[in-house]
Amino acid sequence: MTARPYNFSAGPAAMPAEVLEIAAGEMLDWHGTGMSVMEMSHRGKAFGEIIARAEADLRSLLAIPAQFKVLFMQGGGLGENAIVPLNLSRGGAVDFVISGSWSQKSHKEAGRYAQARVAASNADTKHTTLPAPASWAIGGDAQYVHLCSNETIHGVEFHELPDLKALGSDAPLVIDFSSHVASRPVDWSRVGLAFGGAQKNLGPAGLTLVVVREDLLGHALPICPSAFNYQTVADNGSMYNTPPTYAIYLAGLTFQWLQRQGGIAEMERRNIAKAALLYDFIDRSAFYENRVAPEARSRMNIPFFLQDESRNEAFLAGAQARGLLQLKGHKSVGGMRASLYNAMPIEGVRALVDYMQQFEKEMA
Ligand SMILES: *Cc1c(COP(=O)(O)O)cnc(C)c1O
């Protein structure tokens, strides 16, 4: 296979080349069935094997306890912003920790179905810090507390999940882990529900992963669409309606790839090294800047700025010419953003740092 460029997209994001190669090889005929995975009945034996293996592999990779259901859904992260309150709020009050754009969106959408409150916010620092859990105002009547554990746009990550019990709350914690799922282990003892779109770190767009503690099922509001009722989806093994079969297959191949890499602990080790390489370079440079507080910095999404923003276009064009793709920052933050998901090897981060160094020299 010829070398591919390094793709720093925030999502849909680069997938492991090995996974794409396997999928290409199986495109026309999956394991002698004479069918592409796209062409199979979701209720047939072949797809049954694919989805069962995907779930088993994911459970083992993320050490998901037995009392959690794994749901393969559709609707994306934004869909879950409505689906979670429809299933968990019981029409009551829910508390949000605002740490960036995604939690802001989640809060706004939940307000359509529940009394959505703000328990904490880092808006005063333009979403560059972590609101300290001890300062969160969680109501005794909160049906759940929502947290975006990695803010993809602002590059802010909770490196430890809060222990709500220790904060005096019995509410379940809901996390949007779209953009760092499978980048590090999850402490399930602190989580009631986790959701994520697959297109950052698990596979292609179209699949939404939900991991939910069993005791939270069965309380959906009457207006909740049946296809989005967690109890219904769980009772039907994610096959109440046709699931995104091809996306589940590709996510399953990605889970097998993760196992071959050494699992989630190994991915975390690599992700720490990759992020440190880029942050250390940026911090030593007077030419580039990252504005996120060091303890809040995401390992996955690293926004950075050129001190002289009139050079942005030249920077991006030079990067593109070197095979360093999709580095432009989100429009709401500006500057650049490098997303270093699991599929990004450390060689890609080295190539980026080399380029940044050279660009700085050329501009001197
Ligand atoms: C990408 C992303 C989403 C977006 O979800 P869609 O699949 O586009 O609906 C939601 N939350 C976070 C944290 C994300 O990074």
# chains A, B, ... in the order shown; residues from 1 in each chain; ligands from 1
$ residues_near_ligand --ligand "ligand 1" --cutoff "7 Å" --atoms "only C-alpha atoms and all ligand atoms" --output "count of residues only"
19
$ select_by_dssp --residues "stretch 133-325 of chain A" --states "helix (DSSP H, G or I)" --output "PyMOL selection string"
chain A and resi 133-135+188-190+214-216+226-228+230-235+245-261+263-284+294-296+309-321
$ residues_around --residues "A:Asp354" --least-positions-apart "6" --cutoff "12 Å" --atoms "only C-alpha atoms" --output "PyMOL selection string"
chain A and resi 277-278+281-282+319+322+324+347-348+360-361
$ atom_distance --atom1 "atom CA of A:Arg337" --atom2 "atom CA of A:Leu325"
10.7 Å
$ select_by_dssp --residues "stretch 47-289 of chain A" --states "strand (DSSP E)" --output "PyMOL selection string"
chain A and resi 68-73+93-98+115-121+142-148+150-151+156-157+173-176+193-197+208-213+288-289
$ residues_around --residues "stretch 236-248 of chain A" --least-positions-apart "5" --cutoff "7 Å" --atoms "only C-alpha atoms" --output "JSON, numbers by chain"
{"A": [37, 38, 42, 51, 71, 72, 73, 203, 204, 206, 207, 227]}
$ residues_around --residues "A:His219" --least-positions-apart "6" --cutoff "10 Å" --atoms "only C-alpha atoms" --output "PyMOL selection string"
chain A and resi 86-91+229-231
$ write_last_selection --atoms "N, CA and C atoms" --output "PDB file, in the first residue's frame"
ATOM      1  N   LEU A  86     -35.050  12.594  26.663  1.00  0.00           N
ATOM      2  CA  LEU A  86     -36.311  11.881  26.409  1.00  0.00           C
ATOM      3  C   LEU A  86     -36.371  10.581  27.213  1.00  0.00           C
ATOM      4  N   ASN A  87     -35.224   9.968  27.444  1.00  0.00           N
ATOM      5  CA  ASN A  87     -35.181   8.688  28.151  1.00  0.00           C
ATOM      6  C   ASN A  87     -34.913   8.798  29.643  1.00  0.00           C
ATOM      7  N   LEU A  88     -34.159   9.817  30.040  1.00  0.00           N
ATOM      8  CA  LEU A  88     -33.655   9.838  31.421  1.00  0.00           C
ATOM      9  C   LEU A  88     -34.210  10.962  32.293  1.00  0.00           C
ATOM     10  N   SER A  89     -34.794  11.989  31.683  1.00  0.00           N
ATOM     11  CA  SER A  89     -35.118  13.178  32.496  1.00  0.00           C
ATOM     12  C   SER A  89     -36.397  13.013  33.295  1.00  0.00           C
ATOM     13  N   ARG A  90     -37.261  12.096  32.884  1.00  0.00           N
ATOM     14  CA  ARG A  90     -38.605  11.955  33.472  1.00  0.00           C
ATOM     15  C   ARG A  90     -39.330  13.300  33.502  1.00  0.00           C
ATOM     16  N   GLY A  91     -38.912  14.180  32.574  1.00  0.00           N
ATOM     17  CA  GLY A  91     -39.548  15.498  32.493  1.00  0.00           C
ATOM     18  C   GLY A  91     -39.169  16.441  33.627  1.00  0.00           C
ATOM     19  N   ASN A 229     -36.107   4.813  21.938  1.00  0.00           N
ATOM     20  CA  ASN A 229     -36.365   4.417  23.316  1.00  0.00           C
ATOM     21  C   ASN A 229     -35.304   3.367  23.698  1.00  0.00           C
ATOM     22  N   TYR A 230     -34.446   3.705  24.655  1.00  0.00           N
ATOM     23  CA  TYR A 230     -33.333   2.805  24.998  1.00  0.00           C
ATOM     24  C   TYR A 230     -33.820   1.406  25.378  1.00  0.00           C
ATOM     25  N   GLN A 231     -34.942   1.356  26.112  1.00  0.00           N
ATOM     26  CA  GLN A 231     -35.461   0.045  26.520  1.00  0.00           C
ATOM     27  C   GLN A 231     -35.817  -0.781  25.284  1.00  0.00           C
TER      28      GLN A 231
END
$ residues_around --residues "A:Thr129" --least-positions-apart "3" --cutoff "7 Å" --atoms "only C-alpha atoms" --output "ChimeraX atom specification"
/A:122,125,292-293,296
$ closest_residue --among "A:Arg112, A:Val97, A:Lys105, A:Val211" --to "A:Pro133" --atoms "only C-alpha atoms"
A:Val97
